[in-house]
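Colleague: One file is attached below, structure.csv, containing CSV, C-alpha atoms.
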chain,number,residue,atom,x,y,z
A,1,MET,CA,6.8,-46.2,30.8
A,2,LYS,CA,9.8,-46.1,33.1
A,3,ILE,CA,11.3,-42.9,34.6
A,4,LYS,CA,14.9,-42.8,35.6
A,5,TYR,CA,16.6,-39.7,37.0
A,6,ASN,CA,19.9,-38.3,38.3
A,7,LEU,CA,20.7,-35.2,40.2
A,8,ASP,CA,23.7,-33.1,39.1
A,9,LYS,CA,24.1,-30.3,41.6
A,10,SER,CA,20.8,-28.3,41.1
A,11,THR,CA,19.9,-29.9,37.7
A,12,LEU,CA,17.6,-32.9,37.7
A,13,HIS,CA,17.9,-35.1,34.6
A,14,VAL,CA,14.7,-37.1,33.9
A,15,TYR,CA,14.9,-40.0,31.5
A,16,PHE,CA,11.7,-41.2,29.7
A,17,ILE,CA,11.9,-44.9,28.8
A,18,GLY,CA,9.0,-46.3,26.9
A,19,GLU,CA,5.8,-45.0,25.5
A,20,LEU,CA,3.9,-41.8,26.6
A,21,ASP,CA,0.2,-41.9,25.8
A,22,GLU,CA,-3.1,-41.6,27.6
A,23,CYS,CA,-2.5,-45.0,29.3
A,24,THR,CA,0.8,-44.1,30.8
A,25,ALA,CA,0.3,-40.4,31.3
A,26,SER,CA,-1.0,-40.3,34.9
A,27,LYS,CA,1.7,-42.5,36.3
A,28,THR,CA,4.3,-40.4,34.5
A,29,ARG,CA,2.9,-37.2,36.0
A,30,GLU,CA,2.8,-38.7,39.4
A,31,ILE,CA,6.5,-39.9,39.4
A,32,ILE,CA,7.9,-36.6,38.0
A,33,ASP,CA,5.8,-34.4,40.3
A,34,GLY,CA,6.9,-36.6,43.2
A,35,LEU,CA,10.6,-36.1,42.4
A,36,ILE,CA,10.1,-32.4,42.3
A,37,SER,CA,8.4,-32.2,45.6
A,38,ASP,CA,10.8,-34.7,47.3
A,39,ILE,CA,14.1,-33.1,46.2
A,40,ASN,CA,15.0,-29.7,47.5
A,41,GLY,CA,17.0,-27.0,45.6
A,42,ILE,CA,16.2,-28.0,42.0
A,43,LYS,CA,16.7,-25.1,39.6
A,44,LYS,CA,16.7,-26.8,36.3
A,45,VAL,CA,15.0,-30.0,34.9
A,46,VAL,CA,16.2,-31.7,31.7
A,47,PHE,CA,13.8,-34.1,30.1
A,48,ASN,CA,15.9,-36.7,28.2
A,49,LEU,CA,13.8,-38.2,25.4
A,50,SER,CA,16.3,-40.5,23.7
A,51,GLU,CA,14.5,-43.6,24.9
A,52,LEU,CA,11.0,-42.2,24.5
A,53,THR,CA,9.9,-44.6,21.7
A,54,PHE,CA,6.4,-43.2,21.3
A,55,MET,CA,4.5,-40.1,22.2
A,56,ASP,CA,1.2,-38.5,21.0
A,57,SER,CA,-0.7,-35.3,22.0
A,58,THR,CA,-1.4,-36.6,25.5
A,59,GLY,CA,2.4,-36.2,26.0
A,60,ILE,CA,2.2,-32.6,25.0
A,61,GLY,CA,-0.4,-32.1,27.7
A,62,VAL,CA,1.9,-33.8,30.2
A,63,PHE,CA,4.9,-31.6,29.3
A,64,ILE,CA,2.8,-28.3,29.4
A,65,GLY,CA,1.4,-29.3,32.7
A,66,ARG,CA,4.9,-30.0,34.2
A,67,TYR,CA,6.2,-26.7,32.7
A,68,LYS,CA,3.4,-24.8,34.5
A,69,LYS,CA,4.0,-26.5,37.8
A,70,PHE,CA,7.8,-26.0,37.6
A,71,LYS,CA,7.5,-22.4,36.5
A,72,SER,CA,5.6,-21.6,39.7
A,73,LYS,CA,8.6,-22.9,41.6
A,74,ASN,CA,11.1,-21.1,39.4
A,75,ILE,CA,12.4,-24.2,37.9
A,76,ALA,CA,13.4,-24.0,34.2
A,77,VAL,CA,12.7,-27.0,31.9
A,78,PHE,CA,14.7,-28.2,28.9
A,79,VAL,CA,14.4,-31.2,26.5
A,80,GLU,CA,17.1,-33.2,24.9
A,81,ASN,CA,17.5,-36.0,22.2
A,82,PRO,CA,13.9,-36.5,21.0
A,83,SER,CA,13.4,-39.0,18.1
A,84,LYS,CA,12.5,-37.6,14.7
A,85,THR,CA,8.8,-38.2,15.2
A,86,VAL,CA,8.7,-36.8,18.8
A,87,ASP,CA,10.7,-33.8,17.5
A,88,LYS,CA,8.0,-33.2,14.9
A,89,ILE,CA,5.3,-33.2,17.6
A,90,LEU,CA,7.2,-30.9,19.8
A,91,GLN,CA,7.7,-28.5,16.9
A,92,ILE,CA,4.1,-28.5,15.7
A,93,SER,CA,2.9,-27.8,19.3
A,94,GLY,CA,5.3,-25.0,19.9
A,95,LEU,CA,6.7,-26.7,22.9
A,96,TYR,CA,10.3,-25.7,22.2
A,97,LYS,CA,9.2,-22.1,23.0
A,98,ILE,CA,8.7,-23.0,26.6
A,99,MET,CA,11.1,-25.9,26.9
A,100,PRO,CA,14.1,-25.2,24.7
A,101,ALA,CA,16.3,-28.0,23.4
A,102,VAL,CA,19.7,-28.4,25.0
B,1,MET,CA,-2.5,-55.9,-3.4
B,2,LYS,CA,-5.8,-55.4,-1.7
B,3,ASN,CA,-6.1,-56.2,1.9
B,4,LYS,CA,-8.5,-55.3,4.8
B,5,PHE,CA,-9.1,-55.9,8.5
B,6,LYS,CA,-11.7,-55.0,11.0
B,7,ILE,CA,-11.5,-55.3,14.7
B,8,ASN,CA,-13.6,-54.2,17.7
B,9,PHE,CA,-12.2,-53.5,21.1
B,10,SER,CA,-13.2,-51.9,24.4
B,11,SER,CA,-12.6,-48.2,25.0
B,12,ILE,CA,-9.9,-48.6,27.6
B,13,SER,CA,-6.6,-46.8,27.4
B,14,GLU,CA,-4.6,-50.1,27.4
B,15,ASN,CA,-6.0,-50.6,23.9
B,16,GLU,CA,-4.3,-47.4,22.5
B,17,ALA,CA,-1.0,-49.2,22.1
B,18,PHE,CA,-2.8,-52.3,20.8
B,19,ALA,CA,-4.6,-50.4,18.1
B,20,ARG,CA,-1.6,-48.5,16.8
B,21,ASN,CA,0.6,-51.6,16.8
B,22,VAL,CA,-2.0,-53.6,14.9
B,23,VAL,CA,-2.1,-51.0,12.1
B,24,ALA,CA,1.7,-50.8,12.1
B,25,SER,CA,1.9,-54.6,11.6
B,26,PHE,CA,-0.8,-54.4,8.9
B,27,ILE,CA,1.3,-52.0,6.7
B,28,LEU,CA,4.6,-53.8,7.2
B,29,PRO,CA,4.4,-55.8,3.9
B,30,LEU,CA,4.6,-52.5,2.1
B,31,ASN,CA,8.1,-51.9,3.5
B,32,PRO,CA,7.3,-48.5,5.0
B,33,THR,CA,10.1,-46.3,6.3
B,34,LEU,CA,10.4,-46.0,10.1
B,35,SER,CA,9.1,-42.5,9.9
B,36,GLU,CA,6.0,-43.6,7.9
B,37,ILE,CA,5.3,-46.2,10.6
B,38,SER,CA,5.6,-43.6,13.4
B,39,ASP,CA,3.4,-41.2,11.5
B,40,VAL,CA,0.6,-43.8,11.1
B,41,LYS,CA,0.9,-45.0,14.7
B,42,THR,CA,0.7,-41.5,16.1
B,43,ALA,CA,-2.4,-40.6,14.1
B,44,VAL,CA,-4.2,-43.8,15.0
B,45,SER,CA,-3.3,-43.3,18.7
B,46,GLU,CA,-4.8,-39.8,18.5
B,47,ALA,CA,-8.1,-40.9,17.0
B,48,VAL,CA,-8.4,-43.9,19.4
B,49,THR,CA,-7.5,-41.7,22.4
B,50,ASN,CA,-10.3,-39.3,21.4
B,51,ALA,CA,-12.8,-42.1,21.2
B,52,ILE,CA,-11.8,-43.3,24.6
B,53,VAL,CA,-11.5,-40.0,26.4
B,54,HIS,CA,-14.2,-37.9,24.6
B,55,GLY,CA,-16.4,-40.5,22.9
B,56,TYR,CA,-17.0,-42.5,26.1
B,57,PRO,CA,-16.2,-40.1,28.9
B,58,ASP,CA,-18.2,-41.9,31.6
B,59,SER,CA,-18.5,-45.5,30.3
B,60,VAL,CA,-16.7,-48.2,28.5
B,61,GLY,CA,-18.0,-48.7,25.0
B,62,GLU,CA,-16.9,-50.3,21.8
B,63,ILE,CA,-14.5,-48.9,19.2
B,64,GLU,CA,-14.3,-50.3,15.6
B,65,LEU,CA,-11.1,-50.0,13.8
B,66,THR,CA,-11.0,-50.8,10.0
B,67,ALA,CA,-8.0,-50.5,7.8
B,68,GLU,CA,-7.8,-51.1,4.0
B,69,LEU,CA,-4.9,-51.3,1.7
B,70,ASP,CA,-5.4,-50.6,-2.0
B,71,GLY,CA,-1.9,-50.9,-3.5
B,72,PHE,CA,0.0,-48.3,-1.5
B,73,ASP,CA,-3.0,-46.4,-0.4
B,74,LEU,CA,-3.9,-46.9,3.3
B,75,HIS,CA,-7.4,-46.0,4.5
B,76,ILE,CA,-8.1,-46.2,8.2
B,77,GLU,CA,-11.5,-45.7,9.9
B,78,ILE,CA,-12.0,-45.3,13.7
B,79,LYS,CA,-15.6,-45.4,14.8
B,80,ASP,CA,-17.3,-45.1,18.1
B,81,ASP,CA,-20.9,-45.0,19.2
B,82,GLY,CA,-20.2,-42.5,22.0
B,83,VAL,CA,-21.5,-39.0,22.8
B,84,GLY,CA,-20.3,-37.3,19.7
B,85,ILE,CA,-18.6,-33.9,19.2
B,86,ASP,CA,-20.6,-30.8,20.2
B,87,ASP,CA,-18.7,-28.3,18.1
B,88,LEU,CA,-16.8,-30.0,15.3
B,89,LYS,CA,-15.4,-26.8,13.9
B,90,LYS,CA,-13.9,-25.9,17.2
B,91,ALA,CA,-12.7,-29.4,17.9
B,92,LEU,CA,-10.6,-29.3,14.7
B,93,GLU,CA,-8.8,-26.1,15.7
B,94,PRO,CA,-5.3,-26.4,17.2
B,95,PHE,CA,-5.1,-26.0,21.0
B,96,TYR,CA,-8.9,-26.4,21.5
B,97,SER,CA,-9.9,-28.8,24.2
B,98,THR,CA,-13.0,-29.4,26.3
B,99,LYS,CA,-10.8,-31.0,28.9
B,100,PHE,CA,-7.9,-28.6,29.6
B,101,GLU,CA,-8.4,-29.2,33.3
B,102,SER,CA,-7.0,-32.7,32.8
B,103,GLU,CA,-4.0,-31.3,31.0
B,104,ARG,CA,-5.1,-32.2,27.5
B,105,SER,CA,-3.3,-30.2,24.8
B,106,GLY,CA,-6.0,-29.9,22.1
B,107,MET,CA,-3.5,-30.9,19.4
B,108,GLY,CA,-5.0,-34.3,18.5
B,109,PHE,CA,-6.6,-33.4,15.1
B,110,THR,CA,-3.7,-31.1,14.2
B,111,ILE,CA,-1.3,-34.0,14.7
B,112,MET,CA,-3.5,-36.3,12.6
B,113,LYS,CA,-3.6,-33.8,9.8
B,114,THR,CA,0.2,-33.3,10.0
B,115,PHE,CA,1.0,-37.0,9.8
B,116,MET,CA,-1.6,-38.2,7.3
B,117,ASP,CA,-2.4,-37.1,3.8
B,118,ASP,CA,-6.1,-36.8,4.5
B,119,VAL,CA,-8.3,-36.6,7.6
B,120,SER,CA,-12.1,-36.4,7.8
B,121,VAL,CA,-14.4,-36.4,10.7
B,122,SER,CA,-18.1,-36.9,11.0
B,123,SER,CA,-20.0,-36.8,14.3
B,124,LYS,CA,-23.5,-36.5,15.7
B,125,LYS,CA,-24.5,-35.5,19.2
B,126,ASN,CA,-25.1,-38.9,21.0
B,127,GLY,CA,-24.7,-40.6,17.6
B,128,GLY,CA,-21.0,-41.4,17.7
B,129,THR,CA,-17.9,-40.2,15.8
B,130,VAL,CA,-16.1,-41.5,12.7
B,131,VAL,CA,-12.6,-40.5,11.9
B,132,LYS,CA,-11.1,-41.4,8.5
B,133,LEU,CA,-7.4,-41.2,7.9
B,134,SER,CA,-5.6,-41.8,4.6
B,135,LYS,CA,-2.0,-41.9,3.6
B,136,LYS,CA,0.0,-43.2,0.7
B,137,ILE,CA,2.8,-45.5,1.8
B,138,ILE,CA,5.7,-45.4,-0.5
B,139,ASP,CA,7.7,-48.6,-1.0
B,140,GLU,CA,11.2,-48.2,0.5
B,141,ASN,CA,12.7,-50.4,-2.3
B,142,ALA,CA,11.2,-48.2,-5.0
B,143,ARG,CA,13.2,-45.2,-3.9
Represent the structure of the file as structure tokens.

Modeller:
Amino acid sequence: MKIKYNLDKSTLHVYFIGELDECTASKTREIIDGLISDINGIKKVVFNLSELTFMDSTGIGVFIGRYKKFKSKNIAVFVENPSKTVDKILQISGLYKIMPAV
Amino acid sequence: MKNKFKINFSSISENEAFARNVVASFILPLNPTLSEISDVKTAVSEAVTNAIVHGYPDSVGEIELTAELDGFDLHIEIKDDGVGIDDLKKALEPFYSTKFESERSGMGFTIMKTFMDDVSVSSKKNGGTVVKLSKKIIDENAR
């Protein structure tokens, strides 16, 4: 799993590249949480999933965990461009209710 | 066509990708759609992750993965000799997890049920867990 990002004013775009499972989850958490604590003034985070080639329920846990962390800092989270299968997982788990699609 | 394989591997998280990719390669001769491949990979990943995280929480054990093809019927079995599931009824409920503190979603079995035609689980305290997953793969050329 690789994470790329860019900052557009107060919006942080985070690009997930690769596979998100139990094996890659802790590194992914660490990188994203590091970005949030290193960059000041973020109001909105957009998770771009167009290059997330695989995700299972461990990924849901990672997303819910980030949502809770960001919420405590008043940062809103959105997702964009999931694959068909990832989209199905996000729907079943109700994740779109807390992280709307953009 | 009848076909079968059986492998054993260590319960380390690096083997999650290995296990789901082995099953994906195994069903390729049936010309599955991309979405069928993803469905099967996701379900296998859930079961294998459960065996690693919950079956062997404090040790590295062995996981046995068997897959059988009978025509277009795929049957997969993921077996561990770990600690077993305390409350199977609860474990099968959506959003139930014994490990919320480590950001687990409790959606593993729900996802397996969504992506496969049939899911069954048997478990015994300190006697391991067996997860059986079945799905009919439909030949792309037959559509």

Colleague: For CA of Thr42 (chain B) and CA of Ser120 (chain B), quote the distance in Å rounded to one decimal.

Modeller: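 Separation of CA of Thr42 (chain B) and CA of Ser120 (chain B): 16.1 Å.
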
Colleague: Between B:Glu46, B:Glu101, B:Glu93, B:Asp80, which is the closest to Phe115 (chain B) once you count all atoms listed in the file?

Modeller: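 Answer, going by the shortest atom-to-atom distance: B:Glu46.
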
Colleague: Counting only C-alpha atoms, which of A:Gly34, A:Gly59, A:Gly18, A:Gly41 gets nearest to chain B?

Modeller: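 That would be A:Gly59, the residue with the smallest distance to chain B.
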
Colleague: Tell me which protein, DNA and RNA residues are within 12 Å of Asp70 (chain B), counting all atoms listed in the file, leaving out same-chain ones fewer than 2 positions away, and put them as a list in words.

Modeller: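 Here the qualifying residues turn out to be Met1, Lys2, Asn3, Lys4, Ile27, Leu30, Ala67, Glu68, Phe72, Asp73, Leu74, His75, Ile76, Ser134, Lys135, Lys136 and Ile137 of chain B.
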
Colleague: Kindly export the residues of the current selection with C-alpha atoms, as a PDB file, in the coordinates of the input.

Modeller:
ATOM      1  CA  MET B   1      -2.500 -55.900  -3.400  1.00  0.00           C
ATOM      2  CA  LYS B   2      -5.800 -55.400  -1.700  1.00  0.00           C
ATOM      3  CA  ASN B   3      -6.100 -56.200   1.900  1.00  0.00           C
ATOM      4  CA  LYS B   4      -8.500 -55.300   4.800  1.00  0.00           C
ATOM      5  CA  ILE B  27       1.300 -52.000   6.700  1.00  0.00           C
ATOM      6  CA  LEU B  30       4.600 -52.500   2.100  1.00  0.00           C
ATOM      7  CA  ALA B  67      -8.000 -50.500   7.800  1.00  0.00           C
ATOM      8  CA  GLU B  68      -7.800 -51.100   4.000  1.00  0.00           C
ATOM      9  CA  PHE B  72       0.000 -48.300  -1.500  1.00  0.00           C
ATOM     10  CA  ASP B  73      -3.000 -46.400  -0.400  1.00  0.00           C
ATOM     11  CA  LEU B  74      -3.900 -46.900   3.300  1.00  0.00           C
ATOM     12  CA  HIS B  75      -7.400 -46.000   4.500  1.00  0.00           C
ATOM     13  CA  ILE B  76      -8.100 -46.200   8.200  1.00  0.00           C
ATOM     14  CA  SER B 134      -5.600 -41.800   4.600  1.00  0.00           C
ATOM     15  CA  LYS B 135      -2.000 -41.900   3.600  1.00  0.00           C
ATOM     16  CA  LYS B 136       0.000 -43.200   0.700  1.00  0.00           C
ATOM     17  CA  ILE B 137       2.800 -45.500   1.800  1.00  0.00           C
TER      18      ILE B 137
END

Colleague: Using all atoms listed in the file, find each residue of chain B with at least one atom at most 9 Å away from an atom of chain A; report its shortest atom-to-atom pair and that distance in Å (one decimal), sort the rows by chain and rising residue number, and return the result as a tab-separated table.

Modeller:
residue	atom	partner	partner_atom	distance
B:Ile12	CA	A:Cys23	CA	8.4
B:Ser13	CA	A:Cys23	CA	4.9
B:Glu14	CA	A:Cys23	CA	5.8
B:Asn15	CA	A:Cys23	CA	8.5
B:Glu16	CA	A:Cys23	CA	7.4
B:Ala17	CA	A:Asp21	CA	8.3
B:Ser35	CA	A:Thr85	CA	6.8
B:Ser38	CA	A:Thr85	CA	6.5
B:Asp39	CA	A:Thr85	CA	7.2
B:Lys41	CA	A:Phe54	CA	8.8
B:Thr42	CA	A:Asp56	CA	5.8
B:Ala43	CA	A:Asp56	CA	8.1
B:Ser45	CA	A:Asp56	CA	7.0
B:Glu46	CA	A:Asp56	CA	6.6
B:Thr49	CA	A:Glu22	CA	6.8
B:Val53	CA	A:Glu22	CA	8.6
B:Pro94	CA	A:Ser93	CA	8.6
B:Phe95	CA	A:Ser93	CA	8.4
B:Phe100	CA	A:Gly61	CA	8.5
B:Ser102	CA	A:Gly61	CA	8.4
B:Glu103	CA	A:Gly61	CA	4.9
B:Arg104	CA	A:Gly61	CA	4.7
B:Ser105	CA	A:Gly61	CA	4.5
B:Gly106	CA	A:Ser57	CA	7.6
B:Met107	CA	A:Ser57	CA	5.8
B:Gly108	CA	A:Ser57	CA	5.6
B:Thr110	CA	A:Ile92	CA	8.4
B:Ile111	CA	A:Ile89	CA	7.3
B:Thr114	CA	A:Ile92	CA	8.4

Colleague: What does the structure give for the distance between CA of Lys113 (chain B) and CA of Val60 (chain B), in Å to one decimal?

Modeller: 27.0 Å

Colleague: Could you tell me how far CA of Arg20 (chain B) sits from CA of Ala101 (chain A), in Å to one decimal place?

Modeller: 28.0 Å

Colleague: Quick one: residues within 12 Å of (6.5, -24.2, 39.9) (file frame), counting all atoms listed in the file, please, as a list of chain:residue names.

Modeller: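 The residues that fall inside the cut-off are A:Asp33, A:Ile36, A:Ser37, A:Ile42, A:Lys43, A:Lys44, A:Val45, A:Ile64, A:Gly65, A:Arg66, A:Tyr67, A:Lys68, A:Lys69, A:Phe70, A:Lys71, A:Ser72, A:Lys73, A:Asn74, A:Ile75, A:Ala76, A:Val77.
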
Colleague: Would you export the selected residues with C-alpha atoms as a short mmCIF file (atom, residue, chain, number, x, y, z; two decimals), in the coordinates of the input, please?

Modeller:
data_model
loop_
_atom_site.label_atom_id
_atom_site.label_comp_id
_atom_site.auth_asym_id
_atom_site.auth_seq_id
_atom_site.Cartn_x
_atom_site.Cartn_y
_atom_site.Cartn_z
CA ASP A 33 5.80 -34.40 40.30
CA ILE A 36 10.10 -32.40 42.30
CA SER A 37 8.40 -32.20 45.60
CA ILE A 42 16.20 -28.00 42.00
CA LYS A 43 16.70 -25.10 39.60
CA LYS A 44 16.70 -26.80 36.30
CA VAL A 45 15.00 -30.00 34.90
CA ILE A 64 2.80 -28.30 29.40
CA GLY A 65 1.40 -29.30 32.70
CA ARG A 66 4.90 -30.00 34.20
CA TYR A 67 6.20 -26.70 32.70
CA LYS A 68 3.40 -24.80 34.50
CA LYS A 69 4.00 -26.50 37.80
CA PHE A 70 7.80 -26.00 37.60
CA LYS A 71 7.50 -22.40 36.50
CA SER A 72 5.60 -21.60 39.70
CA LYS A 73 8.60 -22.90 41.60
CA ASN A 74 11.10 -21.10 39.40
CA ILE A 75 12.40 -24.20 37.90
CA ALA A 76 13.40 -24.00 34.20
CA VAL A 77 12.70 -27.00 31.90
#

Colleague: At a cut-off of 10 Å, using all atoms listed in the file, what residues contact Val102 (chain A)? Leave out same-chain residues fewer than 6 positions from it and give the result as a PDB file with C-alpha atoms, keeping the file's coordinate frame.

Modeller:
ATOM      1  CA  VAL A  46      16.200 -31.700  31.700  1.00  0.00           C
ATOM      2  CA  PHE A  47      13.800 -34.100  30.100  1.00  0.00           C
ATOM      3  CA  ASN A  48      15.900 -36.700  28.200  1.00  0.00           C
ATOM      4  CA  VAL A  77      12.700 -27.000  31.900  1.00  0.00           C
ATOM      5  CA  PHE A  78      14.700 -28.200  28.900  1.00  0.00           C
ATOM      6  CA  VAL A  79      14.400 -31.200  26.500  1.00  0.00           C
ATOM      7  CA  GLU A  80      17.100 -33.200  24.900  1.00  0.00           C
ATOM      8  CA  ASN A  81      17.500 -36.000  22.200  1.00  0.00           C
TER       9      ASN A  81
END

Colleague: Could you write region 15-33 of chain A as an mmCIF file, in the coordinates of the input, with N, CA and C atoms rebuilt where they are missing?

Modeller:
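Heads up, here's the output in selection_22.cif:
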data_model
loop_
_atom_site.group_PDB
_atom_site.id
_atom_site.type_symbol
_atom_site.label_atom_id
_atom_site.label_comp_id
_atom_site.auth_asym_id
_atom_site.auth_seq_id
_atom_site.Cartn_x
_atom_site.Cartn_y
_atom_site.Cartn_z
ATOM 1 N N TYR A 15 14.858 -39.203 32.659
ATOM 2 C CA TYR A 15 14.900 -40.000 31.500
ATOM 3 C C TYR A 15 13.593 -40.750 31.248
ATOM 4 N N PHE A 16 12.979 -40.523 30.083
ATOM 5 C CA PHE A 16 11.700 -41.200 29.700
ATOM 6 C C PHE A 16 12.039 -42.441 28.954
ATOM 7 N N ILE A 17 11.635 -43.594 29.481
ATOM 8 C CA ILE A 17 11.900 -44.900 28.800
ATOM 9 C C ILE A 17 10.625 -45.581 28.513
ATOM 10 N N GLY A 18 10.260 -45.655 27.226
ATOM 11 C CA GLY A 18 9.000 -46.300 26.900
ATOM 12 C C GLY A 18 8.091 -45.435 26.066
ATOM 13 N N GLU A 19 6.768 -45.646 26.254
ATOM 14 C CA GLU A 19 5.800 -45.000 25.500
ATOM 15 C C GLU A 19 4.893 -44.053 26.322
ATOM 16 N N LEU A 20 4.726 -42.811 25.867
ATOM 17 C CA LEU A 20 3.900 -41.800 26.600
ATOM 18 C C LEU A 20 2.605 -41.602 25.870
ATOM 19 N N ASP A 21 1.518 -42.166 26.392
ATOM 20 C CA ASP A 21 0.200 -41.900 25.800
ATOM 21 C C ASP A 21 -0.807 -41.779 26.964
ATOM 22 N N GLU A 22 -2.090 -41.776 26.627
ATOM 23 C CA GLU A 22 -3.100 -41.600 27.600
ATOM 24 C C GLU A 22 -3.025 -42.662 28.745
ATOM 25 N N CYS A 23 -2.610 -43.859 28.330
ATOM 26 C CA CYS A 23 -2.500 -45.000 29.300
ATOM 27 C C CYS A 23 -1.433 -44.810 30.304
ATOM 28 N N THR A 24 -0.319 -44.218 29.903
ATOM 29 C CA THR A 24 0.800 -44.100 30.800
ATOM 30 C C THR A 24 1.001 -42.715 31.390
ATOM 31 N N ALA A 25 0.142 -41.762 30.971
ATOM 32 C CA ALA A 25 0.300 -40.400 31.300
ATOM 33 C C ALA A 25 0.226 -40.081 32.844
ATOM 34 N N SER A 26 -0.816 -40.653 33.495
ATOM 35 C CA SER A 26 -1.000 -40.300 34.900
ATOM 36 C C SER A 26 0.085 -40.762 35.796
ATOM 37 N N LYS A 27 0.570 -41.981 35.519
ATOM 38 C CA LYS A 27 1.700 -42.500 36.300
ATOM 39 C C LYS A 27 2.949 -41.668 36.098
ATOM 40 N N THR A 28 3.177 -41.264 34.839
ATOM 41 C CA THR A 28 4.300 -40.400 34.500
ATOM 42 C C THR A 28 4.296 -39.103 35.263
ATOM 43 N N ARG A 29 3.112 -38.470 35.236
ATOM 44 C CA ARG A 29 2.900 -37.200 36.000
ATOM 45 C C ARG A 29 3.261 -37.374 37.441
ATOM 46 N N GLU A 30 2.686 -38.425 38.008
ATOM 47 C CA GLU A 30 2.800 -38.700 39.400
ATOM 48 C C GLU A 30 4.296 -38.841 39.827
ATOM 49 N N ILE A 31 5.050 -39.632 39.036
ATOM 50 C CA ILE A 31 6.500 -39.900 39.400
ATOM 51 C C ILE A 31 7.264 -38.580 39.283
ATOM 52 N N ILE A 32 7.071 -37.819 38.196
ATOM 53 C CA ILE A 32 7.900 -36.600 38.000
ATOM 54 C C ILE A 32 7.519 -35.554 39.070
ATOM 55 N N ASP A 33 6.223 -35.380 39.332
ATOM 56 C CA ASP A 33 5.800 -34.400 40.300
ATOM 57 C C ASP A 33 6.331 -34.810 41.731
#
